[in-house]
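To keep things clear, I will list the structure first and then write my remarks on it.
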Amino acid sequence: MNDSKSLKPTFQINPDITFLNHGSYGACPIPVFENYQKWQHKIEQNPVQFMANDVYNDLEISRSALGKYLNCHMDDIVYFPNPTHAVASIIDNIRINENEEVLSTDLEYGSCDRMWFYHSKKNKYNYNRVKINLPIIDKASFLENFWEGASDKTKYIFISHITSGTGMILPVEDIINEAKRRNIKTIIDGAHVPGQLPLDLINLKRIKKNLKKPMKFEQKIYSLLPDNKISLSQMEPHKKLHKILADNHQILSTNYNFQHMIKPLI
Ligand SMILES: Cc1ncc(COP(=O)(O)O)c(C=O)c1O
């Protein structure tokens, strides 16, 4: 069922088009499309009931199912509107000092790369984008190339599991293990991964992922494990809402105002 001939009819894409880009504005399979239309109808029928009550229970069910699929606890999943949003929330909520560094590659997705660049300029730390030699010959040479960028200043690693431009699967397990040995925290951009690669988050332990289009079940839902170590008082006001929602595992975005999404908190 996963060959292109049998998959093609499950999409609504004009058959005259050879559609190669499934990242930026990807279509989803017909059963998924029909399902999210069903949800949209449900919202339209009683928006207040849905936003004030139903959505929280539905999200619990969703997180529980996704947690089983990814082998992680449902409370380690937070939904965001998209990976850029998820990565922004992480970047906004970590503290990196002037003499510290973030190690990344020159293969990262543009929006994430730019956010790190901006954050590093603002906070005066070094954002080190290692130039990866292409083509990558094998895992060992990639890892050697990558780790050449590390130093005793490296505090965080930011790297994609599947690279955006080149569609390569990077050896994130090896990177996490070595990073742990060096006392470096790893942030993985896992866009597109859940529907394409088997994931076992418990065994990757404390890995942080932002997940794009999990199995394409929902077109606009993404998630990551929350990094809840920042106190509210340290945060700028617009970020507090985020934090509050993250604590409740309830970040999501629709066409509705964010305020509608706040569950009773206490
Ligand atoms: C590796 C990777 N990270 C992040 C993103 C960002 O996705 P979005 O622009 O939907 O936030 C993409 C988009 O395709 C991607 O491929």
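Residue numbers start at 1 in each chain; chains themselves are named A, B, ... in the order of the structure tokens; ligands are numbered from 1 in the order shown.
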
So which residues touch region 167-172 of chain A within 12 Å, counting only C-alpha atoms, skipping near sequence neighbours fewer than 6 positions away, as a VMD selection string? chain A and resid 20 to 23 105 107 to 109 132 134 to 144 146 157 to 161 178 to 180 186 to 193 196 to 197 199 201 204 207 to 209

Within 9 Å of region 114-131 of chain A using only C-alpha atoms, minus same-chain residues under 4 positions, as a PyMOL selection string: chain A and resi 84+87-88+91-92+95-110+145-150

CA of Tyr69 (chain A) to CA of Val32 (chain A), straight-line distance in Å: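 Pair CA of Val32 (chain A) / CA of Tyr69 (chain A) returns 16.9 Å.
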
Using only C-alpha atoms and all ligand atoms, pick whichever of A:Ile175, A:Cys112, A:Ile202, A:Val78 has the shortest atom-to-atom distance to ligand 1.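 So, comparing all the options, the nearest one is A:Cys112.
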
Choose the residue, out of A:Phe11, A:Phe80, A:Phe33, A:Tyr56, that has the smallest atom-to-atom separation from ligand 1; count only C-alpha atoms and all ligand atoms.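 Nearest candidate to ligand 1 out of A:Phe11, A:Phe80, A:Phe33, A:Tyr56: A:Phe80.
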
Counting only C-alpha atoms, which of A:Pro9, A:Pro15, A:Gly67, A:Pro198 gets nearest to Cys28 (chain A)?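 With only C-alpha atoms as the atom set, the closest residue is A:Pro9.
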
Members of region 86-166 of chain A assigned strand (DSSP E) by DSSP, as a VMD selection string: chain A and resid 101 to 105 126 to 130 154 to 160
